[in-house]
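Source file: work.pdb; contents: PDB, C-alpha atoms.
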ATOM      1  CA  MET T   1      35.535 -21.351  56.879
ATOM      2  CA  GLY T   2      38.776 -19.411  56.636
ATOM      3  CA  ASN T   3      40.189 -20.881  53.480
ATOM      4  CA  THR T   4      37.262 -20.124  51.134
ATOM      5  CA  LEU T   5      38.257 -18.824  47.750
ATOM      6  CA  ALA T   6      36.630 -15.570  46.704
ATOM      7  CA  GLN T   7      35.103 -15.829  43.244
ATOM      8  CA  PRO T   8      36.042 -12.792  41.155
ATOM      9  CA  ARG T   9      33.196 -10.918  39.466
ATOM     10  CA  LEU T  10      33.436 -11.192  35.705
ATOM     11  CA  GLU T  11      33.262  -7.808  33.991
ATOM     12  CA  SER T  12      33.843  -6.844  30.404
ATOM     13  CA  SER T  13      37.312  -5.414  30.115
ATOM     14  CA  PRO T  14      37.823  -2.215  28.161
ATOM     15  CA  LEU T  15      38.783  -2.653  24.538
ATOM     16  CA  VAL T  16      42.388  -1.590  23.932
ATOM     17  CA  LEU T  17      42.929  -0.287  20.411
ATOM     18  CA  PRO T  18      45.700   1.557  18.590
ATOM     19  CA  ALA T  19      45.152   5.300  18.752
ATOM     20  CA  TRP T  20      44.371   5.620  15.034
ATOM     21  CA  LYS T  21      41.664   2.936  15.179
ATOM     22  CA  ASN T  22      40.111   4.525  18.238
ATOM     23  CA  LEU T  23      40.119   7.955  16.570
ATOM     24  CA  LEU T  24      38.682   6.635  13.303
ATOM     25  CA  GLY T  25      35.983   4.686  15.124
ATOM     26  CA  TRP T  26      34.919   7.696  17.204
ATOM     27  CA  THR T  27      35.014  10.070  14.219
ATOM     28  CA  SER T  28      32.937   7.707  12.075
ATOM     29  CA  ALA T  29      30.416   7.207  14.882
ATOM     30  CA  LEU T  30      29.971  10.908  15.579
ATOM     31  CA  LEU T  31      29.674  11.925  11.926
ATOM     32  CA  LEU T  32      27.121   9.204  11.206
ATOM     33  CA  ALA T  33      25.241  10.054  14.381
ATOM     34  CA  LEU T  34      24.996  13.711  13.317
ATOM     35  CA  LEU T  35      23.769  12.823   9.819
ATOM     36  CA  PHE T  36      21.173  10.327  10.976
ATOM     37  CA  LEU T  37      20.039  12.406  13.948
ATOM     38  CA  VAL T  38      19.252  15.397  11.739
ATOM     39  CA  ALA T  39      17.552  13.175   9.144
ATOM     40  CA  GLY T  40      15.536  11.318  11.773
ATOM     41  CA  VAL T  41      14.431  14.363  13.767
ATOM     42  CA  TRP T  42      13.417  16.113  10.535
ATOM     43  CA  LYS T  43      11.178  13.186   9.591
ATOM     44  CA  LEU T  44       9.611  13.191  13.061
ATOM     45  CA  THR T  45       9.031  16.954  13.213
ATOM     46  CA  GLU T  46       7.906  17.272   9.567
ATOM     47  CA  PRO T  47       6.196  13.908   8.945
ATOM     48  CA  TYR T  48       3.893  15.124   6.179
ATOM     49  CA  GLU T  49       6.726  16.754   4.248
ATOM     50  CA  ALA T  50       8.873  13.631   4.681
ATOM     51  CA  ALA T  51       5.965  11.447   3.552
ATOM     52  CA  SER T  52       5.589  13.559   0.415
ATOM     53  CA  ARG T  53       9.242  13.003  -0.449
ATOM     54  CA  MET T  54       8.906   9.277   0.262
ATOM     55  CA  ILE T  55       5.986   9.059  -2.159
ATOM     56  CA  GLN T  56       8.005  10.920  -4.791
ATOM     57  CA  ALA T  57      10.651   8.204  -4.324
ATOM     58  CA  LYS T  58       8.078   5.525  -5.304
ATOM     59  CA  VAL T  59       6.937   4.499  -1.829
ATOM     60  CA  PRO T  60       3.217   3.544  -2.201
ATOM     61  CA  ALA T  61       1.080   6.534  -1.247
ATOM     62  CA  PRO T  62      -0.888   4.757   1.531
ATOM     63  CA  LEU T  63       2.430   3.847   3.211
ATOM     64  CA  GLY T  64       4.130   7.228   2.839
ATOM     65  CA  LEU T  65       3.320   8.629   6.275
ATOM     66  CA  PHE T  66       3.940   5.343   8.088
ATOM     67  CA  THR T  67       7.276   4.907   6.301
ATOM     68  CA  ALA T  68       8.387   8.464   7.098
ATOM     69  CA  VAL T  69       7.621   8.158  10.823
ATOM     70  CA  SER T  70       9.105   4.644  11.042
ATOM     71  CA  PHE T  71      12.358   5.702   9.385
ATOM     72  CA  GLY T  72      12.452   8.814  11.550
ATOM     73  CA  ILE T  73      12.266   6.685  14.699
ATOM     74  CA  ALA T  74      14.848   4.199  13.401
ATOM     75  CA  GLU T  75      17.322   6.895  12.303
ATOM     76  CA  THR T  76      17.024   8.867  15.544
ATOM     77  CA  PHE T  77      17.365   5.680  17.604
ATOM     78  CA  ALA T  78      20.428   4.519  15.645
ATOM     79  CA  ALA T  79      22.076   7.943  16.033
ATOM     80  CA  LEU T  80      21.518   7.843  19.801
ATOM     81  CA  LEU T  81      22.987   4.347  20.043
ATOM     82  CA  LEU T  82      26.085   5.448  18.141
ATOM     83  CA  VAL T  83      27.034   8.201  20.583
ATOM     84  CA  ILE T  84      26.809   5.911  23.635
ATOM     85  CA  PRO T  85      29.858   3.579  23.643
ATOM     86  CA  ARG T  86      28.105   0.595  25.237
ATOM     87  CA  PHE T  87      25.367   0.744  22.572
ATOM     88  CA  ARG T  88      27.574   1.751  19.630
ATOM     89  CA  ARG T  89      27.876  -1.641  17.956
ATOM     90  CA  TRP T  90      24.092  -2.022  17.878
ATOM     91  CA  GLY T  91      23.756   1.462  16.372
ATOM     92  CA  ALA T  92      26.348   0.699  13.713
ATOM     93  CA  ILE T  93      24.570  -2.536  12.791
ATOM     94  CA  LEU T  94      21.212  -0.748  12.527
ATOM     95  CA  ILE T  95      22.633   2.013  10.345
ATOM     96  CA  GLY T  96      24.453  -0.523   8.177
ATOM     97  CA  LEU T  97      21.230  -2.458   7.602
ATOM     98  CA  MET T  98      19.332   0.728   6.719
ATOM     99  CA  LEU T  99      22.013   1.788   4.254
ATOM    100  CA  ILE T 100      22.036  -1.618   2.560
ATOM    101  CA  ALA T 101      18.233  -1.682   2.358
ATOM    102  CA  PHE T 102      18.157   1.854   0.933
ATOM    103  CA  MET T 103      20.777   1.072  -1.706
ATOM    104  CA  LEU T 104      18.865  -2.052  -2.759
ATOM    105  CA  TYR T 105      15.641  -0.036  -2.958
ATOM    106  CA  ILE T 106      17.182   2.743  -5.054
ATOM    107  CA  GLY T 107      18.861   0.124  -7.241
ATOM    108  CA  TYR T 108      15.504  -1.534  -7.906
ATOM    109  CA  PHE T 109      13.900   1.779  -8.946
ATOM    110  CA  TYR T 110      17.068   3.192 -10.472
ATOM    111  CA  ASP T 111      15.686   3.815 -13.970
ATOM    112  CA  ALA T 112      12.617   5.629 -12.619
ATOM    113  CA  LEU T 113      14.543   7.701 -10.046
ATOM    114  CA  ARG T 114      17.757   8.451 -11.943
ATOM    115  CA  GLY T 115      18.497  12.169 -11.794
ATOM    116  CA  GLU T 116      15.863  12.798  -9.124
ATOM    117  CA  GLU T 117      16.681  14.042  -5.639
ATOM    118  CA  CYS T 118      16.963  11.093  -3.261
ATOM    119  CA  SER T 119      15.350  13.041  -0.353
ATOM    120  CA  CYS T 120      17.430  11.195   2.251
ATOM    121  CA  PHE T 121      18.516  14.245   4.225
ATOM    122  CA  PRO T 122      16.539  17.519   4.406
ATOM    123  CA  TRP T 123      19.444  19.885   3.708
ATOM    124  CA  LEU T 124      21.650  17.697   1.503
ATOM    125  CA  LYS T 125      20.826  17.667  -2.202
ATOM    126  CA  ARG T 126      21.789  14.306  -3.693
ATOM    127  CA  ALA T 127      20.638  13.191  -7.125
ATOM    128  CA  VAL T 128      20.160   9.494  -7.760
ATOM    129  CA  GLY T 129      23.081   8.291  -9.855
ATOM    130  CA  PRO T 130      26.463   6.589  -9.459
ATOM    131  CA  GLY T 131      27.534   9.191  -6.881
ATOM    132  CA  PHE T 132      24.617   8.228  -4.669
ATOM    133  CA  PHE T 133      25.902   4.664  -4.284
ATOM    134  CA  ILE T 134      29.456   5.904  -3.692
ATOM    135  CA  GLY T 135      28.243   8.173  -0.901
ATOM    136  CA  ASP T 136      26.189   5.466   0.775
ATOM    137  CA  GLY T 137      29.071   3.023   0.345
ATOM    138  CA  ILE T 138      31.365   5.418   2.232
ATOM    139  CA  MET T 139      28.782   5.715   5.018
ATOM    140  CA  LEU T 140      28.559   1.920   5.146
ATOM    141  CA  LEU T 141      32.341   1.709   5.628
ATOM    142  CA  MET T 142      32.077   4.320   8.387
ATOM    143  CA  ALA T 143      29.396   2.238  10.110
ATOM    144  CA  LEU T 144      31.682  -0.798   9.847
ATOM    145  CA  ALA T 145      34.566   1.129  11.432
ATOM    146  CA  ALA T 146      32.360   2.515  14.204
ATOM    147  CA  GLY T 147      30.927  -0.908  15.029
ATOM    148  CA  TRP T 148      34.024  -3.060  14.628
ATOM    149  CA  TRP T 149      36.417  -0.947  16.654
ATOM    150  CA  THR T 150      34.313  -0.807  19.807
ATOM    151  CA  ARG T 151      33.413  -3.199  22.573
ATOM    152  CA  PRO T 152      30.369  -5.505  22.290
ATOM    153  CA  SER T 153      27.105  -3.792  23.135
ATOM    154  CA  GLU T 154      25.188  -4.535  26.305
ATOM    155  CA  GLY T 155      22.197  -3.234  28.256
ATOM    156  CA  LEU T 156      19.083  -4.091  26.265
ATOM    157  CA  ARG T 157      16.828  -2.508  28.870
ATOM    158  CA  GLY T 158      18.472   0.894  28.499
ATOM    159  CA  ALA T 159      18.307   0.686  24.712
ATOM    160  CA  PHE T 160      14.596  -0.181  24.772
ATOM    161  CA  LEU T 161      13.903   2.703  27.171
ATOM    162  CA  ALA T 162      15.578   5.064  24.682
ATOM    163  CA  LEU T 163      13.513   3.607  21.836
ATOM    164  CA  GLY T 164      10.348   4.083  23.883
ATOM    165  CA  ALA T 165      11.176   7.719  24.608
ATOM    166  CA  ILE T 166      11.823   8.410  20.909
ATOM    167  CA  SER T 167       8.545   6.716  19.961
ATOM    168  CA  VAL T 168       6.614   8.873  22.452
ATOM    169  CA  PHE T 169       8.260  11.993  20.997
ATOM    170  CA  ALA T 170       7.338  10.794  17.489
ATOM    171  CA  MET T 171       3.673  10.357  18.403
ATOM    172  CA  ALA T 172       3.512  13.743  20.140
ATOM    173  CA  SER T 173       5.141  15.449  17.156
ATOM    174  CA  PHE T 174       2.743  13.730  14.773
ATOM    175  CA  GLY T 175      -0.219  14.951  16.820
ATOM    176  CA  ILE T 176       1.032  18.525  16.673
ATOM    177  CA  ASN T 177       1.563  18.310  12.919
ATOM    178  CA  PHE T 178      -1.860  16.770  12.405
ATOM    179  CA  GLN T 179      -3.444  19.720  14.178
ATOM    180  CA  ARG T 180      -1.297  22.159  12.232
ATOM    181  CA  GLN T 181      -2.520  20.757   8.919
ATOM    182  CA  ASN T 182      -6.059  22.011   9.501
ATOM    183  CA  GLY T 183      -7.738  25.221  10.600
ATOM    184  CA  ALA T 184      -4.868  27.724  10.369
ATOM    185  CA  LYS T 185      -5.933  31.313   9.718
ATOM    186  CA  ALA T 186      -4.985  32.715   6.324
ATOM    187  CA  PRO T 187      -3.639  36.255   5.891
ATOM    188  CA  ASP T 188      -6.438  38.793   5.471
ATOM    189  CA  SER T 189      -5.180  39.650   1.995
ATOM    190  CA  ILE T 190      -2.260  38.947  -0.328
ATOM    191  CA  MET T 191      -0.791  40.607  -3.403
ATOM    192  CA  VAL T 192      -1.874  38.817  -6.605
ATOM    193  CA  ASP T 193      -0.811  40.077 -10.031
ATOM    194  CA  GLY T 194      -0.161  43.548  -8.639
ATOM    195  CA  SER T 195      -3.367  44.009  -6.637
ATOM    196  CA  GLN T 196      -4.686  42.955  -3.231
ATOM    197  CA  LEU T 197      -6.849  39.843  -2.995
ATOM    198  CA  SER T 198      -8.891  39.188   0.149
ATOM    199  CA  LEU T 199      -8.705  35.684   1.638
ATOM    200  CA  GLY T 200     -11.143  36.462   4.445
ATOM    201  CA  SER T 201     -14.210  35.276   2.535
ATOM    202  CA  GLY T 202     -14.947  32.841  -0.243
ATOM    203  CA  ARG T 203     -12.616  30.072  -1.349
ATOM    204  CA  ALA T 204      -9.040  29.976  -2.649
ATOM    205  CA  PHE T 205      -6.533  27.344  -3.687
ATOM    206  CA  LEU T 206      -2.864  28.184  -3.130
ATOM    207  CA  TYR T 207      -0.205  26.176  -4.985
ATOM    208  CA  PHE T 208       3.409  26.605  -3.825
ATOM    209  CA  PHE T 209       6.050  25.520  -6.337
ATOM    210  CA  ASP T 210       9.694  25.694  -7.328
ATOM    211  CA  PRO T 211       9.797  26.641 -11.041
ATOM    212  CA  GLU T 212      12.785  24.324 -11.570
ATOM    213  CA  CYS T 213      11.353  21.310  -9.693
ATOM    214  CA  SER T 214      10.279  18.361 -11.865
ATOM    215  CA  HIS T 215       7.773  17.130  -9.263
ATOM    216  CA  CYS T 216       6.233  20.614  -9.093
ATOM    217  CA  LEU T 217       6.003  20.634 -12.899
ATOM    218  CA  MET T 218       4.173  17.285 -13.038
ATOM    219  CA  ALA T 219       1.844  18.309 -10.210
ATOM    220  CA  GLY T 220       1.101  21.615 -11.944
ATOM    221  CA  ARG T 221       0.154  19.870 -15.180
ATOM    222  CA  GLU T 222      -2.345  17.723 -13.294
ATOM    223  CA  LEU T 223      -3.826  20.745 -11.497
ATOM    224  CA  ALA T 224      -4.289  22.503 -14.841
ATOM    225  CA  LYS T 225      -6.505  19.636 -16.074
ATOM    226  CA  HIS T 226      -9.100  19.899 -13.275
ATOM    227  CA  LYS T 227     -12.503  21.546 -13.587
ATOM    228  CA  TRP T 228     -12.351  24.304 -10.986
ATOM    229  CA  PRO T 229     -15.544  26.108  -9.912
ATOM    230  CA  SER T 230     -15.555  29.768 -10.922
ATOM    231  CA  ASP T 231     -15.842  30.990  -7.320
ATOM    232  CA  ILE T 232     -12.434  29.594  -6.309
ATOM    233  CA  ALA T 233      -9.449  31.946  -6.592
ATOM    234  CA  LEU T 234      -6.546  29.920  -7.992
ATOM    235  CA  ILE T 235      -3.202  31.291  -6.825
ATOM    236  CA  ALA T 236       0.283  30.050  -7.765
ATOM    237  CA  VAL T 237       3.081  31.014  -5.360
ATOM    238  CA  PRO T 238       6.738  30.523  -6.413
ATOM    239  CA  THR T 239       8.986  29.522  -3.502
ATOM    240  CA  VAL T 240      12.204  30.515  -5.329
ATOM    241  CA  ASN T 241      13.122  32.292  -8.572
ATOM    242  CA  PRO T 242       9.847  34.224  -9.030
ATOM    243  CA  GLN T 243      11.142  35.518 -12.368
ATOM    244  CA  PHE T 244      10.506  32.038 -13.796
ATOM    245  CA  ALA T 245       6.932  31.769 -12.483
ATOM    246  CA  LYS T 246       5.192  32.880 -15.689
ATOM    247  CA  GLY T 247       7.206  30.426 -17.760
ATOM    248  CA  PHE T 248       6.295  27.657 -15.307
ATOM    249  CA  LEU T 249       2.587  28.434 -15.654
ATOM    250  CA  GLN T 250       2.908  28.364 -19.426
ATOM    251  CA  ASP T 251       4.775  25.039 -19.397
ATOM    252  CA  THR T 252       2.153  23.419 -17.170
ATOM    253  CA  GLY T 253      -0.910  24.905 -18.854
ATOM    254  CA  MET T 254      -1.887  26.730 -15.641
ATOM    255  CA  GLU T 255      -1.607  30.248 -17.092
ATOM    256  CA  LYS T 256      -5.305  30.387 -18.134
ATOM    257  CA  LYS T 257      -6.589  29.517 -14.643
ATOM    258  CA  PHE T 258      -3.974  30.549 -12.041
ATOM    259  CA  ARG T 259      -2.687  33.963 -11.047
ATOM    260  CA  ILE T 260       0.680  34.611  -9.373
ATOM    261  CA  SER T 261       1.306  35.869  -5.853
ATOM    262  CA  THR T 262       4.696  36.974  -4.565
ATOM    263  CA  ASP T 263       3.597  37.146  -0.900
ATOM    264  CA  LEU T 264       5.479  33.951  -0.060
ATOM    265  CA  GLU T 265       6.701  34.979   3.396
ATOM    266  CA  LYS T 266       3.259  36.104   4.565
ATOM    267  CA  LEU T 267       1.648  32.880   3.349
ATOM    268  CA  LYS T 268       4.430  30.659   4.665
ATOM    269  CA  ALA T 269       4.067  32.208   8.112
ATOM    270  CA  ALA T 270       0.411  31.151   8.104
ATOM    271  CA  PHE T 271       0.958  27.760   6.432
ATOM    272  CA  PRO T 272       4.455  26.472   7.328
ATOM    273  CA  PHE T 273       6.091  24.016   4.954
ATOM    274  CA  THR T 274       9.584  23.055   3.852
ATOM    275  CA  ALA T 275       9.477  22.784   0.068
ATOM    276  CA  GLY T 276       7.121  22.446  -2.872
ATOM    277  CA  PRO T 277       5.026  21.078  -4.286
ATOM    278  CA  TYR T 278       2.615  22.091  -1.560
ATOM    279  CA  ALA T 279      -0.941  23.396  -1.656
ATOM    280  CA  VAL T 280      -3.599  24.764   0.673
ATOM    281  CA  ALA T 281      -7.363  24.983   0.222
ATOM    282  CA  VAL T 282      -8.715  28.063   2.015
ATOM    283  CA  GLU T 283     -12.362  28.642   2.878
ATOM    284  CA  HIS T 284     -13.723  31.721   4.693
ATOM    285  CA  GLY T 285     -10.248  32.800   5.768
ATOM    286  CA  HIS T 286      -9.110  29.491   7.251
ATOM    287  CA  GLN T 287      -7.201  26.481   6.008
ATOM    288  CA  LYS T 288      -9.628  23.742   5.045
ATOM    289  CA  GLN T 289      -7.084  21.218   3.773
ATOM    290  CA  SER T 290      -3.384  21.080   3.030
ATOM    291  CA  PHE T 291      -1.785  18.956   0.317
ATOM    292  CA  LEU T 292       1.672  17.397   0.379
ATOM    293  CA  GLN T 293       0.895  14.349  -1.742
ATOM    294  CA  PHE T 294       0.906  14.815  -5.510
ATOM    295  CA  GLU T 295       1.060  11.225  -6.668
ATOM    296  CA  ALA T 296      -1.472   8.604  -7.742
ATOM    297  CA  ALA T 297      -5.039   9.793  -7.022
ATOM    298  CA  GLU T 298      -4.009  12.770  -4.905
ATOM    299  CA  PRO T 299      -4.725  15.596  -4.545
ATOM    300  CA  ALA T 300      -7.667  15.110  -6.945
ATOM    301  CA  ALA T 301      -9.506  12.658  -4.673
ATOM    302  CA  THR T 302      -9.393  15.008  -1.680
ATOM    303  CA  LEU T 303     -10.209  18.075  -3.782
ATOM    304  CA  LYS T 304     -13.359  16.323  -4.999
ATOM    305  CA  LYS T 305     -14.234  15.277  -1.465
ATOM    306  CA  ILE T 306     -14.139  18.848  -0.153
ATOM    307  CA  GLY T 307     -15.885  20.238  -3.234
ATOM    308  CA  PHE T 308     -12.991  22.178  -4.699
ATOM    309  CA  ILE T 309     -13.076  20.457  -8.095
ATOM    310  CA  ALA T 310     -15.877  18.838 -10.052
ATOM    311  CA  ASN T 311     -15.991  15.218 -11.161
ATOM    312  CA  GLU T 312     -14.300  14.872 -14.538
TER     313      GLU T 312
END
So that I can check it, write out the structure of this file as structure tokens.
Amino acid sequence: MGNTLAQPRLESSPLVLPAWKNLLGWTSALLLALLFLVAGVWKLTEPYEAASRMIQAKVPAPLGLFTAVSFGIAETFAALLLVIPRFRRWGAILIGLMLIAFMLYIGYFYDALRGEECSCFPWLKRAVGPGFFIGDGIMLLMALAAGWWTRPSEGLRGAFLALGAISVFAMASFGINFQRQNGAKAPDSIMVDGSQLSLGSGRAFLYFFDPECSHCLMAGRELAKHKWPSDIALIAVPTVNPQFAKGFLQDTGMEKKFRISTDLEKLKAAFPFTAGPYAVAVEHGHQKQSFLQFEAAEPAATLKKIGFIANE
């Protein structure tokens, strides 16, 4: 039939915006994507460290690791969505929801967390206070600009494939970290109070701390209360400002039981970690257990289980 009318295919037309809106939308999207990508990948590649910081921020200890990995997946996924224009609105919505949820959470625990580091981003030091809400409010406005001044998102299948790939990476990274937490070889010897101490035989407990860290201080006070067997070498290792180490041991009550080592780099090469408080139980020259959780019943419960402290 010669007079048939061709039906045009309906396609989404490109969104035409003023140049300043387009620039602001792109800038907001890319900056947020960078922030959340770094934060998410850090949580996925250092899940135990991230879990420790989550627990310090009042997340229940049994949920710390699950929360860290879940947020790592969500943040990495949202960052990826933001940099792809056809997924950008979904990414902006996801980031906006996370920011709102985080502000509500910090607001609920504000009195307990005020002045503490929020532990949101690994390299960015932000204390909980009025400035924290201002900063997150600015990021929320950026998410609004990135999501509003872009075309509607489409392509659920592609987005779910990206989420699946990130989840597989998260599980692989967790497996590697799980293996890394146990069995590492300790240095043959380290310098302790001016003399060499062998780690190749016997047992040792290494506590890594920042002398100016409030969480390290509280953890140190708890460690000082335990009944340690006499055959365990108790070593305190400052991660920064070693000149304050003796004062830290005095403030925590650890000075009668722990000695100080300044071989941080040698020990950190054997037992990688990001920041204190952190501890390692060493037996016969190898890592028996590592400790990132210093809240609630830990690390006392695990120390008892492996025979490093006596029942009190």
statement: note - atom CA of T:Phe178 and atom CA of T:Gly64 are separated by 14.8 Å
- request: Give me the result of the PyMOL selection byres ((chain T and resi 283) around 8) on this file, residue by residue, as a VMD selection string.
  value: chain T and resid 201 to 204 281 to 282 284 to 288
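Remark: for T:Ala270, the closest of the candidate residues T:Val168, T:Leu140, T:Ala186, T:Leu82 is T:Ala186 (distances computed over only C-alpha atoms).
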field: Hits of the PyMOL selection byres ((chain T and resi 262) around 8) in this structure, as a ChimeraX atom specification
entry: /T:191-192,237-238,242,260-261,263-264
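The two atoms in question, atom CA of T:Tyr278 and atom CA of T:Gly175, are spaced 19.9 Å apart.
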- prompt: Restricting the calculation to all atoms listed in the file, which member of T:Leu65, T:Ile106, T:Ala159, T:Ile55 is positioned closest to T:Ala79?
  reply: T:Ala159
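Counting all atoms listed in the file and comparing T:Lys58, T:Thr27, T:Lys266, T:Ile100, the residue that lies closest to T:Ser189 is T:Lys266.
Restricting the calculation to all atoms listed in the file, the smallest distance between T:Ala165 and any of T:Ser153, T:Thr76, T:Asn241, T:Ser198 is found for T:Thr76.
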message: Please compute the atom CA of T:Ala127-atom CA of T:Phe291 distance, one decimal, in Å.
response: 24.3 Å
field: Surrounding residues of T:Thr302 excluding itself and chain neighbours under 4 positions, 10 Å, all atoms listed in the file, as an MDAnalysis selection string
entry: chainID T and resid 289:291 297:298 306:309
message: List the spatial neighbours of T:Phe133 as a list of chain:residue names - criterion: any atom at most 12 Å away, only C-alpha atoms, same-chain residues fewer than 3 positions off excluded.
response: T:Leu99, T:Ile100, T:Ala101, T:Phe102, T:Met103, T:Leu104, T:Tyr105, T:Ile106, T:Gly107, T:Tyr110, T:Arg114, T:Cys118, T:Arg126, T:Ala127, T:Val128, T:Gly129, T:Pro130, T:Asp136, T:Gly137, T:Ile138, T:Met139, T:Leu140
message: Which polymer residues, whether protein, DNA or RNA, lie within 12 Å of the coordinate (-1.1, 23.9, -20.3) when you count only C-alpha atoms? List them as number ranges by chain, using the chain letters and numbers from the file.
response: T: 217-226, 246-258
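Among the candidates T:Leu44, T:Ala39, T:Ala51, T:Leu17, the one nearest to T:Ile176 when counting all atoms listed in the file is T:Leu44.
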- request: For T:Leu32, work out the shell of residues within 12 Å, counting all atoms listed in the file and skipping chain neighbours fewer than 6 positions away, then give it as a ChimeraX atom specification.
  value: /T:25-26,38-40,75-76,78-83,88,91-92,94-96,99,136,138-147
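Residues of protein, DNA and RNA with at least one atom no farther than 10 Å from (-18.1, 18.4, -12.7) are, using only C-alpha atoms, His226, Lys227, Trp228, Pro229, Lys304, Gly307, Ile309, Ala310, Asn311 and Glu312 of chain T.
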message: Just want the 12 Å neighbourhood of T:Phe273, counted on only C-alpha atoms, with same-chain residues fewer than 6 positions away dropped. Output as a ChimeraX atom specification.
response: /T:45-50,52,177,180-181,207-209,239,264-265,267,279-280,290-292
N, CA and C atoms restored at stretch 31-50 of chain T, emitted as a compact mmCIF listing (two decimals), in the frame of the given file:
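To be explicit, this is the file written out as rebuild-v9.txt:
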# COMPACT_ATOMS: atom_id res chain seq x y z
N LEU T 31 30.16 11.37 13.19
CA LEU T 31 29.67 11.92 11.93
C LEU T 31 28.38 11.24 11.48
N LEU T 32 28.34 9.92 11.57
CA LEU T 32 27.12 9.20 11.21
C LEU T 32 25.97 9.57 12.14
N ALA T 33 26.28 9.70 13.42
CA ALA T 33 25.24 10.05 14.38
C ALA T 33 24.64 11.42 14.04
N LEU T 34 25.49 12.39 13.67
CA LEU T 34 25.00 13.71 13.32
C LEU T 34 24.10 13.65 12.09
N LEU T 35 24.56 12.94 11.05
CA LEU T 35 23.77 12.82 9.82
C LEU T 35 22.41 12.19 10.08
N PHE T 36 22.41 11.06 10.78
CA PHE T 36 21.17 10.33 10.98
C PHE T 36 20.28 10.99 12.02
N LEU T 37 20.86 11.69 12.97
CA LEU T 37 20.04 12.41 13.95
C LEU T 37 19.26 13.53 13.27
N VAL T 38 19.93 14.31 12.44
CA VAL T 38 19.25 15.40 11.74
C VAL T 38 18.17 14.85 10.81
N ALA T 39 18.52 13.78 10.06
CA ALA T 39 17.55 13.18 9.14
C ALA T 39 16.36 12.61 9.90
N GLY T 40 16.62 11.93 11.01
CA GLY T 40 15.54 11.32 11.77
C GLY T 40 14.64 12.34 12.44
N VAL T 41 15.23 13.34 13.07
CA VAL T 41 14.43 14.36 13.77
C VAL T 41 13.61 15.16 12.76
N TRP T 42 14.19 15.42 11.58
CA TRP T 42 13.42 16.11 10.54
C TRP T 42 12.18 15.31 10.14
N LYS T 43 12.33 14.01 9.96
CA LYS T 43 11.18 13.19 9.59
C LYS T 43 10.13 13.18 10.70
N LEU T 44 10.56 13.22 11.95
CA LEU T 44 9.61 13.19 13.06
C LEU T 44 8.93 14.53 13.27
N THR T 45 9.62 15.63 13.00
CA THR T 45 9.03 16.95 13.21
C THR T 45 8.30 17.47 11.98
N GLU T 46 8.60 16.90 10.81
CA GLU T 46 7.91 17.27 9.57
C GLU T 46 7.43 16.00 8.87
N PRO T 47 6.56 15.21 9.51
CA PRO T 47 6.20 13.91 8.94
C PRO T 47 5.47 14.00 7.61
N TYR T 48 4.64 15.01 7.43
CA TYR T 48 3.89 15.12 6.18
C TYR T 48 4.81 15.49 5.02
N GLU T 49 5.74 16.40 5.27
CA GLU T 49 6.73 16.75 4.25
C GLU T 49 7.59 15.56 3.90
N ALA T 50 8.06 14.82 4.93
CA ALA T 50 8.87 13.63 4.68
C ALA T 50 8.08 12.58 3.92
